[in-house]
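With PDB, C-alpha atoms inside, this is work-v6.pdb:
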```
ATOM      1  CA  MET B 252      -8.600  17.954   6.681  1.00  0.00           C
ATOM      2  CA  LEU B 253      -8.148  16.264   3.328  1.00  0.00           C
ATOM      3  CA  ASP B 254     -10.959  14.131   2.012  1.00  0.00           C
ATOM      4  CA  THR B 255      -9.695  10.530   1.955  1.00  0.00           C
ATOM      5  CA  THR B 256     -12.281   9.263  -0.453  1.00  0.00           C
ATOM      6  CA  MET B 257     -10.954   8.417  -3.859  1.00  0.00           C
ATOM      7  CA  PRO B 258     -10.395  11.684  -5.748  1.00  0.00           C
ATOM      8  CA  ALA B 259     -11.490  12.174  -9.316  1.00  0.00           C
ATOM      9  CA  PRO B 260      -8.643  11.838 -11.813  1.00  0.00           C
ATOM     10  CA  LEU B 261      -7.138  15.049 -13.084  1.00  0.00           C
ATOM     11  CA  ALA B 262      -8.065  16.303 -16.520  1.00  0.00           C
ATOM     12  CA  ALA B 263      -5.179  16.775 -18.955  1.00  0.00           C
ATOM     13  CA  ASN B 264      -5.318  20.558 -18.569  1.00  0.00           C
ATOM     14  CA  ASP B 265      -4.911  20.209 -14.773  1.00  0.00           C
ATOM     15  CA  VAL B 266      -1.373  18.860 -15.065  1.00  0.00           C
ATOM     16  CA  VAL B 267       1.123  21.368 -13.738  1.00  0.00           C
ATOM     17  CA  ASP B 268       4.867  21.153 -13.183  1.00  0.00           C
ATOM     18  CA  GLU B 269       5.178  18.851 -10.178  1.00  0.00           C
ATOM     19  CA  THR B 270       8.318  20.546  -8.861  1.00  0.00           C
ATOM     20  CA  ALA B 271       6.505  23.883  -8.768  1.00  0.00           C
ATOM     21  CA  LEU B 272       3.549  22.261  -7.015  1.00  0.00           C
ATOM     22  CA  VAL B 273       5.814  20.653  -4.420  1.00  0.00           C
ATOM     23  CA  ARG B 274       7.547  23.953  -3.716  1.00  0.00           C
ATOM     24  CA  ALA B 275       4.239  25.811  -3.473  1.00  0.00           C
ATOM     25  CA  ALA B 276       2.753  23.164  -1.186  1.00  0.00           C
ATOM     26  CA  ALA B 277       5.893  23.176   0.977  1.00  0.00           C
ATOM     27  CA  ALA B 278       5.420  26.917   1.368  1.00  0.00           C
ATOM     28  CA  GLY B 279       1.893  26.311   2.677  1.00  0.00           C
ATOM     29  CA  ASP B 280      -0.214  26.516  -0.494  1.00  0.00           C
ATOM     30  CA  THR B 281      -3.074  24.134   0.279  1.00  0.00           C
ATOM     31  CA  ALA B 282      -4.456  24.285  -3.280  1.00  0.00           C
ATOM     32  CA  ALA B 283      -1.104  23.049  -4.622  1.00  0.00           C
ATOM     33  CA  TYR B 284      -1.047  20.306  -2.015  1.00  0.00           C
ATOM     34  CA  GLU B 285      -4.595  19.287  -2.904  1.00  0.00           C
ATOM     35  CA  GLN B 286      -3.558  18.992  -6.545  1.00  0.00           C
ATOM     36  CA  LEU B 287      -0.606  16.775  -5.543  1.00  0.00           C
ATOM     37  CA  TYR B 288      -3.002  14.703  -3.472  1.00  0.00           C
ATOM     38  CA  ARG B 289      -5.409  14.269  -6.388  1.00  0.00           C
ATOM     39  CA  GLN B 290      -2.537  13.254  -8.668  1.00  0.00           C
ATOM     40  CA  HIS B 291      -0.995  10.661  -6.362  1.00  0.00           C
ATOM     41  CA  ALA B 292      -3.718   9.419  -4.001  1.00  0.00           C
ATOM     42  CA  PRO B 293      -5.393   6.909  -6.361  1.00  0.00           C
ATOM     43  CA  ARG B 294      -2.227   4.880  -6.984  1.00  0.00           C
ATOM     44  CA  VAL B 295      -1.076   5.077  -3.353  1.00  0.00           C
ATOM     45  CA  PHE B 296      -4.552   4.034  -2.224  1.00  0.00           C
ATOM     46  CA  ALA B 297      -4.511   0.995  -4.534  1.00  0.00           C
ATOM     47  CA  THR B 298      -1.293  -0.204  -2.913  1.00  0.00           C
ATOM     48  CA  LEU B 299      -2.573   0.460   0.604  1.00  0.00           C
ATOM     49  CA  TRP B 300      -5.863  -1.267  -0.126  1.00  0.00           C
ATOM     50  CA  ARG B 301      -3.971  -4.414  -1.095  1.00  0.00           C
ATOM     51  CA  LEU B 302      -1.639  -4.174   1.906  1.00  0.00           C
ATOM     52  CA  CYS B 303      -4.666  -3.824   4.183  1.00  0.00           C
ATOM     53  CA  GLY B 304      -6.283  -6.920   2.732  1.00  0.00           C
ATOM     54  CA  GLY B 305      -9.022  -5.074   0.865  1.00  0.00           C
ATOM     55  CA  GLN B 306     -10.282  -3.362   4.003  1.00  0.00           C
ATOM     56  CA  GLN B 307     -11.226   0.074   2.680  1.00  0.00           C
ATOM     57  CA  ALA B 308     -11.455   1.836   6.045  1.00  0.00           C
ATOM     58  CA  ARG B 309      -7.957   0.712   7.041  1.00  0.00           C
ATOM     59  CA  ALA B 310      -6.570   1.712   3.647  1.00  0.00           C
ATOM     60  CA  GLU B 311      -8.244   5.127   3.903  1.00  0.00           C
ATOM     61  CA  ASP B 312      -6.790   5.609   7.396  1.00  0.00           C
ATOM     62  CA  ALA B 313      -3.317   4.726   6.117  1.00  0.00           C
ATOM     63  CA  LEU B 314      -3.758   7.048   3.115  1.00  0.00           C
ATOM     64  CA  GLN B 315      -4.807   9.909   5.372  1.00  0.00           C
ATOM     65  CA  GLU B 316      -1.885   9.256   7.719  1.00  0.00           C
ATOM     66  CA  ALA B 317       0.565   9.142   4.803  1.00  0.00           C
ATOM     67  CA  PHE B 318      -0.640  12.428   3.351  1.00  0.00           C
ATOM     68  CA  LEU B 319      -0.672  14.099   6.764  1.00  0.00           C
ATOM     69  CA  GLN B 320       2.942  13.002   7.233  1.00  0.00           C
ATOM     70  CA  ALA B 321       3.726  14.242   3.728  1.00  0.00           C
ATOM     71  CA  TRP B 322       2.206  17.655   4.478  1.00  0.00           C
ATOM     72  CA  LYS B 323       4.381  17.995   7.569  1.00  0.00           C
ATOM     73  CA  ALA B 324       7.546  16.693   5.889  1.00  0.00           C
ATOM     74  CA  LEU B 325       7.135  18.346   2.483  1.00  0.00           C
ATOM     75  CA  PRO B 326       9.284  21.393   3.364  1.00  0.00           C
ATOM     76  CA  GLY B 327      12.192  18.972   3.861  1.00  0.00           C
ATOM     77  CA  PHE B 328      11.612  17.066   0.594  1.00  0.00           C
ATOM     78  CA  ARG B 329      14.943  17.192  -1.271  1.00  0.00           C
ATOM     79  CA  PHE B 330      13.915  15.772  -4.660  1.00  0.00           C
ATOM     80  CA  GLU B 331      16.389  12.872  -4.251  1.00  0.00           C
ATOM     81  CA  SER B 332      13.618  10.535  -5.384  1.00  0.00           C
ATOM     82  CA  SER B 333      10.414  11.163  -7.252  1.00  0.00           C
ATOM     83  CA  LEU B 334       7.537  12.521  -5.239  1.00  0.00           C
ATOM     84  CA  SER B 335       5.532   9.440  -6.211  1.00  0.00           C
ATOM     85  CA  THR B 336       8.171   7.112  -4.755  1.00  0.00           C
ATOM     86  CA  TRP B 337       8.370   9.192  -1.575  1.00  0.00           C
ATOM     87  CA  LEU B 338       4.583   9.226  -1.139  1.00  0.00           C
ATOM     88  CA  HIS B 339       4.394   5.485  -1.753  1.00  0.00           C
ATOM     89  CA  ARG B 340       7.002   4.865   0.944  1.00  0.00           C
ATOM     90  CA  LEU B 341       5.063   7.046   3.370  1.00  0.00           C
ATOM     91  CA  GLY B 342       1.879   5.167   2.497  1.00  0.00           C
ATOM     92  CA  VAL B 343       3.467   1.742   2.854  1.00  0.00           C
ATOM     93  CA  ASN B 344       4.957   2.786   6.203  1.00  0.00           C
ATOM     94  CA  ALA B 345       1.551   4.006   7.393  1.00  0.00           C
ATOM     95  CA  ALA B 346      -0.170   0.784   6.305  1.00  0.00           C
ATOM     96  CA  LEU B 347       2.476  -1.409   7.910  1.00  0.00           C
ATOM     97  CA  MET B 348       2.332   0.595  11.137  1.00  0.00           C
ATOM     98  CA  GLU B 349      -1.431   0.146  11.155  1.00  0.00           C
ATOM     99  CA  LEU B 350      -1.031  -3.605  10.644  1.00  0.00           C
ATOM    100  CA  ARG B 351       1.613  -3.794  13.372  1.00  0.00           C
ATOM    101  CA  GLY B 352      -0.621  -1.830  15.710  1.00  0.00           C
ATOM    102  CA  ARG B 353      -3.508  -4.159  14.981  1.00  0.00           C
ATOM    103  CA  ALA B 354      -1.288  -7.173  15.624  1.00  0.00           C
ATOM    104  CA  ALA B 355      -0.057  -5.661  18.905  1.00  0.00           C
ATOM    105  CA  GLY B 356      -3.591  -4.801  19.944  1.00  0.00           C
ATOM    106  CA  HIS B 357      -4.574  -8.450  19.611  1.00  0.00           C
ATOM    107  CA  ASP B 358      -1.546  -9.749  21.512  1.00  0.00           C
ATOM    108  CA  HIS B 359      -0.026 -11.554  18.541  1.00  0.00           C
ATOM    109  CA  ASP B 360       3.724 -12.047  18.353  1.00  0.00           C
ATOM    110  CA  SER B 361       4.004 -11.246  14.647  1.00  0.00           C
ATOM    111  CA  LEU B 362       2.008 -10.121  11.673  1.00  0.00           C
ATOM    112  CA  ASP B 363       1.938 -13.729  10.470  1.00  0.00           C
ATOM    113  CA  ASP B 364      -0.334 -14.675  13.364  1.00  0.00           C
ATOM    114  CA  VAL B 365      -3.050 -12.242  12.307  1.00  0.00           C
ATOM    115  CA  ASP B 366      -5.486 -13.245   9.605  1.00  0.00           C
ATOM    116  CA  GLY B 367      -7.589 -10.115   9.861  1.00  0.00           C
ATOM    117  CA  GLY B 368     -10.691 -12.123  10.577  1.00  0.00           C
ATOM    118  CA  LEU B 369     -11.244 -12.722   6.881  1.00  0.00           C
ATOM    119  CA  PRO B 370     -13.124 -15.880   5.960  1.00  0.00           C
ATOM    120  CA  GLU B 371     -11.397 -18.476   3.849  1.00  0.00           C
ATOM    121  CA  MET B 372     -12.338 -18.041   0.228  1.00  0.00           C
ATOM    122  CA  ALA B 373     -13.718 -21.041  -1.576  1.00  0.00           C
ATOM    123  CA  VAL B 374     -13.601 -20.773  -5.358  1.00  0.00           C
ATOM    124  CA  HIS B 375     -15.977 -23.183  -7.068  1.00  0.00           C
ATOM    125  CA  ASP B 376     -16.483 -21.708 -10.503  1.00  0.00           C
ATOM    126  CA  GLY B 377     -14.407 -21.447 -13.649  1.00  0.00           C
ATOM    127  CA  CYS B 378     -13.566 -17.777 -13.284  1.00  0.00           C
ATOM    128  CA  ALA B 379     -10.980 -18.169 -10.501  1.00  0.00           C
ATOM    129  CA  GLY B 380      -8.461 -16.145 -12.483  1.00  0.00           C
ATOM    130  CA  THR B 381     -10.494 -12.970 -12.533  1.00  0.00           C
ATOM    131  CA  GLU B 382      -9.124  -9.844 -10.966  1.00  0.00           C
ATOM    132  CA  ARG B 383     -11.859  -9.785  -8.347  1.00  0.00           C
ATOM    133  CA  ASP B 384     -11.119 -13.329  -7.247  1.00  0.00           C
ATOM    134  CA  LEU B 385      -7.420 -12.524  -7.103  1.00  0.00           C
ATOM    135  CA  GLU B 386      -8.059  -9.476  -4.929  1.00  0.00           C
ATOM    136  CA  ARG B 387     -10.336 -11.511  -2.642  1.00  0.00           C
ATOM    137  CA  ALA B 388      -7.737 -14.264  -2.364  1.00  0.00           C
ATOM    138  CA  LEU B 389      -5.011 -11.699  -1.710  1.00  0.00           C
ATOM    139  CA  ALA B 390      -7.083 -10.303   1.152  1.00  0.00           C
ATOM    140  CA  THR B 391      -7.106 -13.719   2.863  1.00  0.00           C
ATOM    141  CA  LEU B 392      -3.303 -13.952   3.079  1.00  0.00           C
ATOM    142  CA  PRO B 393      -1.556 -13.391   6.406  1.00  0.00           C
ATOM    143  CA  PRO B 394      -0.534  -9.700   6.581  1.00  0.00           C
ATOM    144  CA  ARG B 395       3.249 -10.205   6.367  1.00  0.00           C
ATOM    145  CA  ALA B 396       3.003 -12.619   3.422  1.00  0.00           C
ATOM    146  CA  ARG B 397       0.510 -10.281   1.731  1.00  0.00           C
ATOM    147  CA  ALA B 398       2.815  -7.289   2.284  1.00  0.00           C
ATOM    148  CA  VAL B 399       5.793  -9.076   0.714  1.00  0.00           C
ATOM    149  CA  LEU B 400       3.715 -10.251  -2.247  1.00  0.00           C
ATOM    150  CA  VAL B 401       2.210  -6.815  -2.882  1.00  0.00           C
ATOM    151  CA  LEU B 402       5.530  -5.023  -2.562  1.00  0.00           C
ATOM    152  CA  HIS B 403       7.448  -7.542  -4.704  1.00  0.00           C
ATOM    153  CA  ASP B 404       5.015  -8.732  -7.355  1.00  0.00           C
ATOM    154  CA  ILE B 405       2.772  -5.682  -7.707  1.00  0.00           C
ATOM    155  CA  GLU B 406       4.952  -2.731  -6.743  1.00  0.00           C
ATOM    156  CA  GLY B 407       8.211  -4.160  -8.097  1.00  0.00           C
ATOM    157  CA  TRP B 408      10.330  -3.790  -4.976  1.00  0.00           C
ATOM    158  CA  LYS B 409      13.497  -5.861  -4.569  1.00  0.00           C
ATOM    159  CA  HIS B 410      13.863  -8.289  -1.674  1.00  0.00           C
ATOM    160  CA  HIS B 411      16.514  -6.157   0.052  1.00  0.00           C
ATOM    161  CA  GLU B 412      14.122  -3.167  -0.009  1.00  0.00           C
ATOM    162  CA  ILE B 413      11.266  -5.253   1.372  1.00  0.00           C
ATOM    163  CA  ALA B 414      13.514  -6.723   4.047  1.00  0.00           C
ATOM    164  CA  ALA B 415      14.590  -3.271   5.171  1.00  0.00           C
ATOM    165  CA  GLN B 416      11.027  -1.945   5.142  1.00  0.00           C
ATOM    166  CA  LEU B 417       9.551  -4.903   7.027  1.00  0.00           C
ATOM    167  CA  GLN B 418      12.567  -5.327   9.325  1.00  0.00           C
ATOM    168  CA  MET B 419      13.295  -8.900   8.291  1.00  0.00           C
ATOM    169  CA  ALA B 420      16.113 -10.823   6.668  1.00  0.00           C
ATOM    170  CA  VAL B 421      16.265 -10.988   2.866  1.00  0.00           C
ATOM    171  CA  GLY B 422      15.814 -14.761   3.122  1.00  0.00           C
ATOM    172  CA  SER B 423      12.641 -14.232   5.149  1.00  0.00           C
ATOM    173  CA  SER B 424      11.309 -11.922   2.451  1.00  0.00           C
ATOM    174  CA  LYS B 425      11.937 -14.608  -0.160  1.00  0.00           C
ATOM    175  CA  ALA B 426      10.332 -17.269   2.040  1.00  0.00           C
ATOM    176  CA  GLN B 427       7.265 -15.090   2.667  1.00  0.00           C
ATOM    177  CA  LEU B 428       6.909 -14.476  -1.075  1.00  0.00           C
ATOM    178  CA  HIS B 429       7.069 -18.210  -1.744  1.00  0.00           C
ATOM    179  CA  ARG B 430       4.525 -18.811   1.017  1.00  0.00           C
ATOM    180  CA  ALA B 431       2.180 -16.109  -0.293  1.00  0.00           C
ATOM    181  CA  ARG B 432       2.303 -17.423  -3.850  1.00  0.00           C
ATOM    182  CA  GLY B 433       1.591 -20.957  -2.643  1.00  0.00           C
ATOM    183  CA  LEU B 434      -1.366 -19.797  -0.562  1.00  0.00           C
ATOM    184  CA  LEU B 435      -2.729 -17.819  -3.504  1.00  0.00           C
ATOM    185  CA  ARG B 436      -2.429 -20.828  -5.806  1.00  0.00           C
ATOM    186  CA  ALA B 437      -4.251 -22.986  -3.272  1.00  0.00           C
ATOM    187  CA  ARG B 438      -6.992 -20.422  -2.758  1.00  0.00           C
ATOM    188  CA  LEU B 439      -7.472 -19.865  -6.455  1.00  0.00           C
ATOM    189  CA  GLY B 440      -7.530 -23.569  -7.219  1.00  0.00           C
ATOM    190  CA  ASP B 441      -4.504 -23.471  -9.547  1.00  0.00           C
ATOM    191  CA  MET B 442      -4.727 -26.434 -11.932  1.00  0.00           C
ATOM    192  CA  THR B 443      -0.973 -26.820 -12.565  1.00  0.00           C
TER
END
```

Rewrite the coordinates I just gave you, this time as structure tokens.
Amino acid sequence: MLDTTMPAPLAANDVVDETALVRAAAAGDTAAYEQLYRQHAPRVFATLWRLCGGQQARAEDALQEAFLQAWKALPGFRFESSLSTWLHRLGVNAALMELRGRAAGHDHDSLDDVDGGLPEMAVHDGCAGTERDLERALATLPPRARAVLVLHDIEGWKHHEIAAQLQMAVGSSKAQLHRARGLLRARLGDMT
């Protein structure tokens, strides 16, 4: 089983042709797959961590699920997109499935009804714009609004891609983004 803790970054001399690594891993070479994992896991994990509201265990579970799915599906990878894009999609799918499962397990009708049990963040000092405060505020957003914000503003997805991924209308994606930004401003004490 792959270790889901954050891997150490690769040294410059560890970089190998990714296509060759993918082909070797698809043929069952676990060392090649481990190298792909070490290359891509940190960035995928960062996205999943945000989608999971800063809950490391949930993000690690989603990362493990994504890379297990990748291992199984790698022989069918057709190089129609970059491996990074493909792995990110698998990771996002795993995180969203985990969030949906959590919502279903608590008898909520939608992801918007789940707040993850996170306490409201009160910002009282002058450093509300710091990265840590932003991450903490992001974690307090409702899961669906957080997912749209992370995918749009951080990952650079378009609304039609988000809508397809989250199974919602494009207008709903735009509304959730507006909602998420407003909640973040309120939580960060925006002075505008």

Using the chain letters and numbers from the file, give me the residues hit by the PyMOL selection byres ((chain B and resi 396) around 7), as a list of chain:residue names.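 Applying the PyMOL selection byres ((chain B and resi 396) around 7) to the structure shown produces B:Leu392, B:Pro393, B:Pro394, B:Arg395, B:Arg397, B:Ala398, B:Val399, B:Leu400, B:Gln427, B:Leu428, B:Arg430, B:Ala431.
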
Return the single residue from B:Arg436, B:Arg387, B:His403, B:Lys425 that is closest to Gln306 of chain B, with distances computed using only C-alpha atoms. B:Arg387

Take the PyMOL selection byres ((chain B and resi 291) around 10), run it mentally on this structure, and tell me the resulting residues as a PyMOL selection string. chain B and resi 258+260+285-290+292-296+318+334-336+338-339

Need the shell around Lys409 of chain B: protein/DNA/RNA residues with any atom at most 10 Å away, counting only C-alpha atoms. Skip same-chain ones fewer than 3 positions apart. Format as an mmCIF file with C-alpha atoms, keeping the file's coordinate frame?
```cif
data_model
loop_
_atom_site.group_PDB
_atom_site.id
_atom_site.type_symbol
_atom_site.label_atom_id
_atom_site.label_comp_id
_atom_site.auth_asym_id
_atom_site.auth_seq_id
_atom_site.Cartn_x
_atom_site.Cartn_y
_atom_site.Cartn_z
ATOM 1 C CA VAL B 399 5.793 -9.076 0.714
ATOM 2 C CA LEU B 402 5.530 -5.023 -2.562
ATOM 3 C CA HIS B 403 7.448 -7.542 -4.704
ATOM 4 C CA ASP B 404 5.015 -8.732 -7.355
ATOM 5 C CA GLU B 406 4.952 -2.731 -6.743
ATOM 6 C CA GLU B 412 14.122 -3.167 -0.009
ATOM 7 C CA ILE B 413 11.266 -5.253 1.372
ATOM 8 C CA ALA B 414 13.514 -6.723 4.047
ATOM 9 C CA VAL B 421 16.265 -10.988 2.866
ATOM 10 C CA SER B 424 11.309 -11.922 2.451
ATOM 11 C CA LYS B 425 11.937 -14.608 -0.160
#
```

Set up a box along x, y and z of the file covering all listed atoms of segment 290-305 of chain B, add 3 Å on every one of the six sides, and write the centre and edge lengths in Å to one decimal, as lines of an AutoDock Vina configuration file.
```
center_x = -5.0
center_y = 3.2
center_z = -2.2
size_x = 14.0
size_y = 26.2
size_z = 18.9
```
